[in-house]
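The structure appears below as C-alpha cells.
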Amino acid sequence: MGRPLLVLLVGLVGHGSLIESQAPAVLSALRTRAFRSLRDIEWDVDPGFHLLLGGTGEGKTSVLEAVYLAATTRSFRTSQLVDCLSFDSQESRTPAGGPEDAEDVSISESSPDSLEELADGRVEHGSDDRSAERASAFEVIVDVTGAQRCRLSVRWERRGGLERRVNDARTSLSDHLARLPVLSWASRDLEVMVGAPELRRQMLDRVVLGCRPHKLSVLSTYRRSLDHKRKLLFSPHQPPEVFESWNRVLAEAAVELIELRSSVASAIDRALSEVVSESDLGKGPIALTYEPNLDPEGGVEGAMETLQEALGRERQRSRALVGPHRDRIEITMGGIPLGRVASAGERKAIGLLLSVAQAKVLQSCGRSPVLLVDDADVEMDKRTLDRVFPQLLGAPQLFATSNRPEAWDGVPRDFTWKVAQGRLEAL
C-alpha cells in the first residue's frame, strides 16, 4: 500500500487530536438483488486496493454504484433510481418497502437533484420506455466494519419509493450518512471542475456532510426555506412581513452554511496544492477558490439586512438573488479557470487529485472514506496514471475499475477481480 493520507488542520474539527484513534469504517460485504445487470452479488471483501477488470457493459461501474448507493442512498450515475432496476424480471425476490420522509442536502441556484429528492423518490419516477421489462424493486446491502459494525440496506420499489435501514431499523438520513463515508470519481465528475457552479457547491456540501453528517439539518433548513421563498416570489400580492419571516430563517441558516463551506473549501485548496505538488505533474498551481454570495461578517443581522435590501429586486424578477445557492466556487490552473486551459487528460488527472484532497479533509475529521474510482485510466497515459494514482493508495479501502489491464502494470494492488456478465470472480 502507499503512504498514509496526511492529516490536515481544518476548522471543522475544533478540539482534540485529528488522527483517527479508531479503525476507519470499511466495506466487508456487498449484496445486491435485481440491481442493474449484476447477478445477485454475494461479495465478501477486505480492506486494501481492489482492482475490478472487465469490458464495457460487464457491470464494473454497477458494483461501485451499488456501494455508493448503499452508503449515501443515491446513485452517482442517475437521478432516477428506476434506472437501477434489473431487466431480468426478478421482482419477486425483493421484499417490499415503503418511502420515508427524508432531509435536504444540496443547495443550488437552480435546485438540482438533491440527496433528499433522490432519497424520498420525488425525482426518480420518470417514464421508462422499457418499464414492463424491468423488475419492480431492487435492494442493496453492505456490511460495515471498523470503529462500529453495522449493516446498511437500501430498497427501492416502483410503487413505494426508497426505504433505507441501519441494522434493519429505519433511521434518519443523517444517521445513515454517518456510517460509511465514501467518495466516488466517475467520468461525469469532470463537469464538477469545469461545469456550472452548482456542481461545485454540491461537491462542497458532500464534504461538509462527510465531515459532519449532523449538519444535514442546516442544509435542509436553508433548502426548504428557499423553496418557500421562491413560491412566494411568484405570488405578486404577498405582504412584506411574510418575506421578512422567511428571510430571517434563511439568514440564520445561510451564515452557518457559508462558514461550513468556507472551512471545507480552504482545507480542500490546501490539500489540492499539496497533492498536485507531490504528483509532480509539471503544471501550474492548481487552486480552489470560494466566493460566498452573502457576506457572513455581519452575522445573522447583517445577512438579514442584505436579504431585505434585495427583496425589491427579487420580487421584480421573481427570483431569489442573494444567498448560498448563488455561491461561486472555481478551480483554476495558474489563475485561469480550468475549463479554459486544461486538456481532457489533465482534467482527469486533476479530478482524481481533487478526490484525494477531499479524502484528506475527511480524514482530518476522523472520517477516512472508502474511495470508488471508475475507469481511472481513461484519457490518461501510463506516465500520468503512474504519477497520479499512487496518491490514492493510502485510503483504507479503494475500489477502481478498468478495461485495460496493461495500464496497471507496476501499480501495487491487494486484490484483482474480473467482472463479466454481472458476476465477480477473483483473479
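The way I read the labels, and the way they are meant: chains A, B, ... in the order of the C-alpha cells, residue 1 as the first residue of every chain, and ligand 1 as the first ligand shown, with later ones counted on from there.
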| Hey, what's within 8 Å of stretch 369-371 of chain A if we count only C-alpha atoms and toss same-chain stuff fewer than 3 positions away? As an MDAnalysis selection string, please? | chainID A and resid 24:27 180:184 359 362:363 395:399
| request: Would you mind listing what lies within 10 Å of A:Val166 as a list in words, with only C-alpha atoms counted and same-chain residues fewer than 6 positions away left out? | output: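 What passes the distance filter is Ile141, Val142, Asp143, Cys150, Arg151, Leu152, Ser153, Val154, Ser172, Leu173, Asp175, His176 and Arg179 of chain A.
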Restricted to N, CA and C atoms, what would the selected residues look like written as a compact mmCIF listing (two decimals), in the first residue's frame?
# COMPACT_ATOMS: atom_id res chain seq x y z
N ILE A 141 -27.33 -4.13 -0.07
CA ILE A 141 -26.97 -4.26 1.34
C ILE A 141 -25.46 -4.27 1.46
N VAL A 142 -24.92 -3.51 2.41
CA VAL A 142 -23.49 -3.57 2.70
C VAL A 142 -23.29 -3.79 4.19
N ASP A 143 -22.29 -4.59 4.51
CA ASP A 143 -21.85 -4.74 5.90
C ASP A 143 -20.62 -3.86 6.09
N CYS A 150 -21.95 -2.37 11.37
CA CYS A 150 -23.36 -2.17 11.08
C CYS A 150 -23.69 -2.73 9.70
N ARG A 151 -24.96 -2.81 9.43
CA ARG A 151 -25.45 -3.22 8.12
C ARG A 151 -26.33 -2.09 7.57
N LEU A 152 -26.02 -1.65 6.35
CA LEU A 152 -26.80 -0.64 5.67
C LEU A 152 -27.56 -1.29 4.53
N SER A 153 -28.84 -0.97 4.43
CA SER A 153 -29.63 -1.51 3.33
C SER A 153 -30.45 -0.40 2.70
N VAL A 154 -30.57 -0.48 1.39
CA VAL A 154 -31.38 0.45 0.63
C VAL A 154 -32.25 -0.36 -0.32
N SER A 172 -32.77 8.08 10.60
CA SER A 172 -32.68 9.35 9.88
C SER A 172 -31.62 9.27 8.78
N LEU A 173 -31.75 10.14 7.81
CA LEU A 173 -30.76 10.18 6.75
C LEU A 173 -29.39 10.57 7.28
N ASP A 175 -28.11 9.92 10.16
CA ASP A 175 -27.53 8.74 10.81
C ASP A 175 -27.02 7.74 9.77
N HIS A 176 -27.78 7.57 8.71
CA HIS A 176 -27.35 6.66 7.64
C HIS A 176 -26.04 7.15 7.03
N ARG A 179 -22.49 6.40 8.70
CA ARG A 179 -21.99 5.05 8.91
C ARG A 179 -20.82 4.65 8.01
| task | Write out as an NGL selection string which residues come within 10 Å of A:Gly195 when counting only C-alpha atoms, dropping same-chain ones fewer than 6 positions away. | result | :A and (189 or 330 or 338-339)
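Interatomic distance, atom CA of A:Leu81 to atom CA of A:Phe49: 28.2 Å.
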| request: Using only C-alpha atoms, find the one residue out of A:Ser136, A:Thr289, A:Thr56, A:Ser402 that sits nearest to A:Asp83. | output: A:Ser136
| So which residues of stretch 162-353 of chain A fall under strand (DSSP E) by DSSP, listed as a PyMOL selection string? | chain A and resi 162-166+182-185+286-291+328-333+336-337
Write the residues of the preceding selection, restricted to N, CA and C atoms, as a PDB file, in the first residue's frame.
ATOM      1  N   LEU A 162     -38.210   4.763  -1.965  1.00  0.00           N
ATOM      2  CA  LEU A 162     -36.980   4.286  -1.338  1.00  0.00           C
ATOM      3  C   LEU A 162     -37.150   4.093   0.156  1.00  0.00           C
ATOM      4  N   GLU A 163     -36.573   3.015   0.651  1.00  0.00           N
ATOM      5  CA  GLU A 163     -36.524   2.740   2.095  1.00  0.00           C
ATOM      6  C   GLU A 163     -35.079   2.455   2.477  1.00  0.00           C
ATOM      7  N   ARG A 164     -34.602   3.112   3.495  1.00  0.00           N
ATOM      8  CA  ARG A 164     -33.233   2.886   3.982  1.00  0.00           C
ATOM      9  C   ARG A 164     -33.302   2.343   5.400  1.00  0.00           C
ATOM     10  N   ARG A 165     -32.350   1.482   5.749  1.00  0.00           N
ATOM     11  CA  ARG A 165     -32.300   0.924   7.095  1.00  0.00           C
ATOM     12  C   ARG A 165     -30.855   0.813   7.564  1.00  0.00           C
ATOM     13  N   VAL A 166     -30.655   0.972   8.851  1.00  0.00           N
ATOM     14  CA  VAL A 166     -29.379   0.708   9.513  1.00  0.00           C
ATOM     15  C   VAL A 166     -29.627  -0.386  10.526  1.00  0.00           C
ATOM     16  N   VAL A 182     -17.954   7.675   1.941  1.00  0.00           N
ATOM     17  CA  VAL A 182     -17.473   7.271   0.622  1.00  0.00           C
ATOM     18  C   VAL A 182     -17.223   8.507  -0.229  1.00  0.00           C
ATOM     19  N   LEU A 183     -16.266   8.382  -1.137  1.00  0.00           N
ATOM     20  CA  LEU A 183     -16.039   9.369  -2.184  1.00  0.00           C
ATOM     21  C   LEU A 183     -15.979   8.619  -3.505  1.00  0.00           C
ATOM     22  N   SER A 184     -16.643   9.146  -4.521  1.00  0.00           N
ATOM     23  CA  SER A 184     -16.615   8.496  -5.825  1.00  0.00           C
ATOM     24  C   SER A 184     -16.027   9.435  -6.867  1.00  0.00           C
ATOM     25  N   TRP A 185     -15.424   8.824  -7.876  1.00  0.00           N
ATOM     26  CA  TRP A 185     -14.979   9.573  -9.052  1.00  0.00           C
ATOM     27  C   TRP A 185     -15.395   8.779 -10.283  1.00  0.00           C
ATOM     28  N   ILE A 286      -2.561  24.709  -8.967  1.00  0.00           N
ATOM     29  CA  ILE A 286      -3.986  24.404  -9.034  1.00  0.00           C
ATOM     30  C   ILE A 286      -4.617  24.902  -7.746  1.00  0.00           C
ATOM     31  N   ALA A 287      -5.714  25.638  -7.867  1.00  0.00           N
ATOM     32  CA  ALA A 287      -6.334  26.228  -6.681  1.00  0.00           C
ATOM     33  C   ALA A 287      -7.847  26.074  -6.743  1.00  0.00           C
ATOM     34  N   LEU A 288      -8.454  25.988  -5.570  1.00  0.00           N
ATOM     35  CA  LEU A 288      -9.912  26.031  -5.433  1.00  0.00           C
ATOM     36  C   LEU A 288     -10.255  27.279  -4.640  1.00  0.00           C
ATOM     37  N   THR A 289     -11.068  28.145  -5.219  1.00  0.00           N
ATOM     38  CA  THR A 289     -11.452  29.382  -4.553  1.00  0.00           C
ATOM     39  C   THR A 289     -12.960  29.384  -4.289  1.00  0.00           C
ATOM     40  N   TYR A 290     -13.329  29.970  -3.171  1.00  0.00           N
ATOM     41  CA  TYR A 290     -14.726  30.032  -2.753  1.00  0.00           C
ATOM     42  C   TYR A 290     -15.112  31.483  -2.534  1.00  0.00           C
ATOM     43  N   GLU A 291     -16.159  31.937  -3.222  1.00  0.00           N
ATOM     44  CA  GLU A 291     -16.652  33.299  -3.093  1.00  0.00           C
ATOM     45  C   GLU A 291     -18.116  33.239  -2.663  1.00  0.00           C
ATOM     46  N   ARG A 328     -20.096  31.065  -5.507  1.00  0.00           N
ATOM     47  CA  ARG A 328     -19.241  30.686  -6.639  1.00  0.00           C
ATOM     48  C   ARG A 328     -18.020  29.923  -6.121  1.00  0.00           C
ATOM     49  N   ILE A 329     -17.747  28.801  -6.739  1.00  0.00           N
ATOM     50  CA  ILE A 329     -16.550  28.011  -6.449  1.00  0.00           C
ATOM     51  C   ILE A 329     -15.853  27.780  -7.779  1.00  0.00           C
ATOM     52  N   GLU A 330     -14.574  28.076  -7.845  1.00  0.00           N
ATOM     53  CA  GLU A 330     -13.822  27.950  -9.091  1.00  0.00           C
ATOM     54  C   GLU A 330     -12.570  27.122  -8.858  1.00  0.00           C
ATOM     55  N   ILE A 331     -12.221  26.297  -9.832  1.00  0.00           N
ATOM     56  CA  ILE A 331     -10.958  25.558  -9.816  1.00  0.00           C
ATOM     57  C   ILE A 331     -10.111  26.104 -10.957  1.00  0.00           C
ATOM     58  N   THR A 332      -8.918  26.560 -10.619  1.00  0.00           N
ATOM     59  CA  THR A 332      -8.082  27.249 -11.600  1.00  0.00           C
ATOM     60  C   THR A 332      -6.715  26.594 -11.732  1.00  0.00           C
ATOM     61  N   MET A 333      -6.105  26.801 -12.890  1.00  0.00           N
ATOM     62  CA  MET A 333      -4.715  26.404 -13.132  1.00  0.00           C
ATOM     63  C   MET A 333      -3.943  27.660 -13.523  1.00  0.00           C
ATOM     64  N   ILE A 336      -6.199  30.694 -14.027  1.00  0.00           N
ATOM     65  CA  ILE A 336      -7.174  30.680 -15.120  1.00  0.00           C
ATOM     66  C   ILE A 336      -8.123  29.518 -14.900  1.00  0.00           C
ATOM     67  N   PRO A 337      -9.443  29.726 -15.086  1.00  0.00           N
ATOM     68  CA  PRO A 337     -10.383  28.615 -14.912  1.00  0.00           C
ATOM     69  C   PRO A 337      -9.964  27.381 -15.684  1.00  0.00           C
TER      70      PRO A 337
END
| field | Near-A:Gly302 list (12 Å; only C-alpha atoms; drop same-chain fewer than 4 positions) as a ChimeraX atom specification | value | /A:247-248,251-252,254-255,294-298,306-309
Just to be explicit: take each residue in the selection above, keep N, CA and C atoms, and write the result as a CSV table (one decimal), in the first residue's frame.
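Resulting contents of result.csv:
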chain,number,residue,atom,x,y,z
A,247,ASN,N,-37.0,35.4,5.4
A,247,ASN,CA,-35.6,35.9,5.3
A,247,ASN,C,-34.8,35.7,6.6
A,248,ARG,N,-35.5,35.8,7.7
A,248,ARG,CA,-34.9,35.6,9.0
A,248,ARG,C,-34.4,34.1,9.1
A,251,ALA,N,-31.4,33.7,6.7
A,251,ALA,CA,-30.2,34.4,7.2
A,251,ALA,C,-29.5,33.5,8.2
A,252,GLU,N,-30.3,33.0,9.1
A,252,GLU,CA,-29.6,32.1,10.2
A,252,GLU,C,-29.0,30.9,9.6
A,254,ALA,N,-28.0,30.5,6.4
A,254,ALA,CA,-27.0,30.9,5.4
A,254,ALA,C,-25.7,31.2,6.1
A,255,VAL,N,-25.7,31.9,7.2
A,255,VAL,CA,-24.4,32.3,7.9
A,255,VAL,C,-23.7,31.0,8.3
A,294,LEU,N,-23.1,35.9,-0.1
A,294,LEU,CA,-23.6,36.7,1.0
A,294,LEU,C,-22.4,36.9,2.0
A,295,ASP,N,-22.1,38.1,2.4
A,295,ASP,CA,-21.0,38.4,3.3
A,295,ASP,C,-21.4,37.9,4.7
A,296,PRO,N,-20.7,36.9,5.3
A,296,PRO,CA,-21.1,36.5,6.6
A,296,PRO,C,-20.5,37.3,7.8
A,297,GLU,N,-19.7,38.3,7.5
A,297,GLU,CA,-19.0,39.0,8.5
A,297,GLU,C,-20.0,39.7,9.5
A,298,GLY,N,-21.1,40.2,8.9
A,298,GLY,CA,-22.1,40.9,9.8
A,298,GLY,C,-23.0,40.0,10.6
A,306,THR,N,-29.1,42.4,4.3
A,306,THR,CA,-28.8,42.2,2.9
A,306,THR,C,-30.0,41.6,2.2
A,307,LEU,N,-30.6,40.6,2.8
A,307,LEU,CA,-31.7,39.9,2.2
A,307,LEU,C,-32.9,40.9,2.0
A,308,GLN,N,-33.1,41.7,3.0
A,308,GLN,CA,-34.2,42.6,3.0
A,308,GLN,C,-34.0,43.7,1.9
A,309,GLU,N,-32.8,44.1,1.8
A,309,GLU,CA,-32.4,45.1,0.8
A,309,GLU,C,-32.6,44.6,-0.7
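Remark: for A:Leu354, the closest of the candidate residues A:Ser273, A:Thr145, A:Gln238, A:Ser266 is A:Ser273 (distances computed over only C-alpha atoms).
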| message | For a test of reading the model, state the distance in Å between atom CA of A:Val388 and atom CA of A:Ile350, rounded to one decimal. | response | 8.5 Å
From stretch 229-384 of chain A, collect each residue whose DSSP state is alpha helix (DSSP H) and return the set as a short mmCIF file (atom, residue, chain, number, x, y, z; two decimals) with C-alpha atoms, in the first residue's frame.
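Dumped everything to result-v7.cif:
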data_model
loop_
_atom_site.label_atom_id
_atom_site.label_comp_id
_atom_site.auth_asym_id
_atom_site.auth_seq_id
_atom_site.Cartn_x
_atom_site.Cartn_y
_atom_site.Cartn_z
CA LYS A 229 -39.49 31.94 -0.57
CA ARG A 230 -39.34 31.08 -4.27
CA LYS A 231 -43.00 30.17 -4.23
CA LEU A 232 -43.85 33.46 -2.54
CA LEU A 233 -41.86 35.41 -5.14
CA PRO A 240 -43.60 42.31 3.04
CA GLU A 241 -43.81 40.82 6.54
CA VAL A 242 -44.28 37.35 5.04
CA PHE A 243 -40.92 37.65 3.28
CA GLU A 244 -39.31 39.05 6.41
CA SER A 245 -40.09 35.91 8.40
CA TRP A 246 -38.63 33.64 5.74
CA ASN A 247 -35.58 35.88 5.27
CA ARG A 248 -34.91 35.55 8.99
CA VAL A 249 -34.80 31.75 8.73
CA LEU A 250 -32.68 31.98 5.58
CA ALA A 251 -30.21 34.38 7.20
CA GLU A 252 -29.63 32.13 10.19
CA ALA A 253 -29.06 29.04 8.06
CA ALA A 254 -27.04 30.94 5.43
CA VAL A 255 -24.43 32.26 7.87
CA GLU A 256 -23.73 28.79 9.25
CA LEU A 257 -23.72 27.18 5.80
CA ILE A 258 -21.23 29.74 4.47
CA GLU A 259 -18.94 29.13 7.43
CA LEU A 260 -19.06 25.38 6.83
CA ARG A 261 -18.39 25.74 3.11
CA SER A 262 -15.58 28.21 3.72
CA SER A 263 -13.79 25.83 6.10
CA VAL A 264 -14.13 22.92 3.67
CA ALA A 265 -13.07 24.99 0.66
CA SER A 266 -9.94 26.27 2.41
CA ALA A 267 -8.99 22.76 3.52
CA ILE A 268 -9.54 21.28 0.05
CA ASP A 269 -7.48 24.07 -1.52
CA ARG A 270 -4.54 23.39 0.79
CA ALA A 271 -4.75 19.64 0.25
CA LEU A 272 -5.08 20.01 -3.51
CA SER A 273 -1.96 22.17 -3.72
CA GLU A 274 -0.10 19.56 -1.70
CA VAL A 275 -1.09 16.52 -3.76
CA VAL A 276 -0.55 18.31 -7.09
CA SER A 277 2.96 19.20 -5.95
CA GLU A 278 3.68 15.65 -4.78
CA SER A 279 2.41 14.11 -8.02
CA GLY A 299 -23.53 37.72 11.24
CA VAL A 300 -27.21 36.91 11.09
CA GLU A 301 -28.32 40.55 11.38
CA GLY A 302 -26.03 41.62 8.55
CA ALA A 303 -27.28 38.77 6.38
CA MET A 304 -30.87 39.67 7.23
CA GLU A 305 -30.29 43.28 6.22
CA THR A 306 -28.79 42.23 2.89
CA LEU A 307 -31.70 39.90 2.16
CA GLN A 308 -34.24 42.61 2.96
CA GLU A 309 -32.43 45.15 0.77
CA ALA A 310 -32.54 42.72 -2.16
CA LEU A 311 -36.24 41.95 -1.76
CA GLY A 312 -37.45 44.63 -4.18
CA ARG A 313 -35.24 43.35 -6.99
CA GLU A 314 -36.18 39.75 -6.18
CA ARG A 315 -39.89 40.49 -6.40
CA GLN A 316 -39.42 42.25 -9.73
CA ARG A 317 -37.54 39.28 -11.17
CA LEU A 338 -9.54 25.00 -15.57
CA GLY A 339 -12.02 24.63 -18.42
CA ARG A 340 -10.11 27.19 -20.49
CA VAL A 341 -6.62 25.76 -20.17
CA ALA A 344 -9.22 16.20 -21.19
CA GLY A 345 -6.35 14.16 -19.78
CA GLU A 346 -5.25 16.98 -17.49
CA ARG A 347 -8.80 17.41 -16.21
CA LYS A 348 -9.00 13.70 -15.44
CA ALA A 349 -5.68 13.77 -13.56
CA ILE A 350 -6.61 16.88 -11.60
CA GLY A 351 -10.04 15.44 -10.88
CA LEU A 352 -8.50 12.36 -9.31
CA LEU A 353 -6.20 14.54 -7.24
CA LEU A 354 -9.22 16.59 -6.19
CA SER A 355 -10.73 13.36 -4.86
CA VAL A 356 -7.53 12.75 -2.89
CA ALA A 357 -7.75 16.28 -1.48
CA GLN A 358 -11.33 15.67 -0.35
CA ALA A 359 -10.26 12.36 1.23
CA LYS A 360 -7.56 14.18 3.17
CA VAL A 361 -10.09 16.65 4.53
CA LEU A 362 -12.42 13.84 5.57
CA GLN A 363 -9.55 12.03 7.27
CA SER A 364 -8.72 15.19 9.19
CA LYS A 382 0.56 5.45 -18.45
CA ARG A 383 3.04 8.06 -17.26
CA THR A 384 0.32 10.32 -15.85
#
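With only C-alpha atoms as the atoms that count, the residue of A:Arg77, A:Arg423, A:His228, A:Lys418 with the shortest distance to A:Leu53 is A:Lys418.
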| All residues 8 Å or closer to A:Ala29, only C-alpha atoms, same chain fewer than 4 positions away omitted, as a ChimeraX atom specification | /A:42-45,142-144
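Here atom CA of A:Gln80 and atom CA of A:Gly55 stand 24.9 Å from one another.
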I want to know what sits within 10 Å of A:Cys84, based on only C-alpha atoms, with residues of the same chain fewer than 3 positions away left out; could you give that as a PDB file with N, CA and C atoms, in the first residue's frame?
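Contents of out-v3.pdb, as written:
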ATOM      1  N   ALA A  34     -31.515  -7.738  -7.935  1.00  0.00           N
ATOM      2  CA  ALA A  34     -32.189  -7.072  -9.060  1.00  0.00           C
ATOM      3  C   ALA A  34     -31.636  -5.672  -9.311  1.00  0.00           C
ATOM      4  N   PHE A  35     -30.333  -5.500  -9.148  1.00  0.00           N
ATOM      5  CA  PHE A  35     -29.691  -4.198  -9.329  1.00  0.00           C
ATOM      6  C   PHE A  35     -28.922  -4.177 -10.641  1.00  0.00           C
ATOM      7  N   ARG A  36     -29.349  -3.300 -11.544  1.00  0.00           N
ATOM      8  CA  ARG A  36     -28.693  -3.148 -12.841  1.00  0.00           C
ATOM      9  C   ARG A  36     -28.518  -4.522 -13.504  1.00  0.00           C
ATOM     10  N   SER A  37     -27.304  -4.743 -14.047  1.00  0.00           N
ATOM     11  CA  SER A  37     -27.022  -6.018 -14.720  1.00  0.00           C
ATOM     12  C   SER A  37     -26.315  -7.011 -13.805  1.00  0.00           C
ATOM     13  N   SER A  62     -21.426  -0.714 -12.112  1.00  0.00           N
ATOM     14  CA  SER A  62     -22.597  -1.022 -11.286  1.00  0.00           C
ATOM     15  C   SER A  62     -22.194  -1.504  -9.897  1.00  0.00           C
ATOM     16  N   GLU A  65     -21.398   1.633  -8.069  1.00  0.00           N
ATOM     17  CA  GLU A  65     -22.653   2.350  -7.853  1.00  0.00           C
ATOM     18  C   GLU A  65     -23.446   1.740  -6.705  1.00  0.00           C
ATOM     19  N   ALA A  66     -23.459   0.428  -6.618  1.00  0.00           N
ATOM     20  CA  ALA A  66     -24.193  -0.241  -5.554  1.00  0.00           C
ATOM     21  C   ALA A  66     -23.621   0.122  -4.182  1.00  0.00           C
ATOM     22  N   SER A  75     -27.474   7.511  -6.270  1.00  0.00           N
ATOM     23  CA  SER A  75     -26.589   6.988  -7.309  1.00  0.00           C
ATOM     24  C   SER A  75     -25.690   8.100  -7.828  1.00  0.00           C
ATOM     25  N   ARG A  77     -24.710   7.896 -10.888  1.00  0.00           N
ATOM     26  CA  ARG A  77     -24.904   7.786 -12.335  1.00  0.00           C
ATOM     27  C   ARG A  77     -26.224   8.360 -12.815  1.00  0.00           C
ATOM     28  N   THR A  78     -27.239   8.386 -11.972  1.00  0.00           N
ATOM     29  CA  THR A  78     -28.565   8.779 -12.410  1.00  0.00           C
ATOM     30  C   THR A  78     -29.340   9.435 -11.283  1.00  0.00           C
ATOM     31  N   GLN A  80     -32.648   9.172 -11.436  1.00  0.00           N
ATOM     32  CA  GLN A  80     -33.878   8.399 -11.439  1.00  0.00           C
ATOM     33  C   GLN A  80     -33.549   6.957 -11.072  1.00  0.00           C
ATOM     34  N   LEU A  81     -33.888   6.574  -9.860  1.00  0.00           N
ATOM     35  CA  LEU A  81     -33.496   5.258  -9.383  1.00  0.00           C
ATOM     36  C   LEU A  81     -34.195   4.126 -10.124  1.00  0.00           C
ATOM     37  N   PHE A  87     -33.214  -5.743 -15.622  1.00  0.00           N
ATOM     38  CA  PHE A  87     -34.106  -6.096 -16.720  1.00  0.00           C
ATOM     39  C   PHE A  87     -34.447  -7.582 -16.722  1.00  0.00           C
ATOM     40  N   ARG A 134     -38.617  -4.423 -16.777  1.00  0.00           N
ATOM     41  CA  ARG A 134     -37.777  -4.293 -15.589  1.00  0.00           C
ATOM     42  C   ARG A 134     -38.404  -4.982 -14.380  1.00  0.00           C
ATOM     43  N   ALA A 135     -37.516  -5.305 -13.412  1.00  0.00           N
ATOM     44  CA  ALA A 135     -38.009  -5.745 -12.109  1.00  0.00           C
ATOM     45  C   ALA A 135     -38.748  -4.592 -11.447  1.00  0.00           C
ATOM     46  N   ALA A 137     -38.471  -3.897  -8.149  1.00  0.00           N
ATOM     47  CA  ALA A 137     -37.754  -3.424  -6.969  1.00  0.00           C
ATOM     48  C   ALA A 137     -36.316  -3.915  -7.012  1.00  0.00           C
ATOM     49  N   PHE A 138     -35.426  -3.146  -6.355  1.00  0.00           N
ATOM     50  CA  PHE A 138     -34.057  -3.626  -6.158  1.00  0.00           C
ATOM     51  C   PHE A 138     -33.668  -3.412  -4.704  1.00  0.00           C
ATOM     52  N   GLU A 139     -32.615  -4.112  -4.290  1.00  0.00           N
ATOM     53  CA  GLU A 139     -32.108  -3.992  -2.923  1.00  0.00           C
ATOM     54  C   GLU A 139     -30.592  -4.078  -2.951  1.00  0.00           C
ATOM     55  N   TRP A 156     -35.543   0.029  -3.164  1.00  0.00           N
ATOM     56  CA  TRP A 156     -36.362   0.961  -3.946  1.00  0.00           C
ATOM     57  C   TRP A 156     -37.403   0.175  -4.708  1.00  0.00           C
TER      58      TRP A 156
END
| If we count only C-alpha atoms, what is near A:Gly57 at a cut-off of 9 Å, once residues fewer than 5 positions away on the same chain are taken out, given as a PyMOL selection string? | chain A and resi 37+420-422
Selection export as a compact mmCIF listing (two decimals), in the first residue's frame, atoms kept: C-alpha atoms:
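That gives us result_34.txt:
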# COMPACT_ATOMS: atom_id res chain seq x y z
CA SER A 37 -27.02 -6.02 -14.72
CA ALA A 420 -18.11 -10.40 -16.62
CA GLN A 421 -21.83 -10.56 -17.34
CA GLY A 422 -22.61 -9.09 -13.95
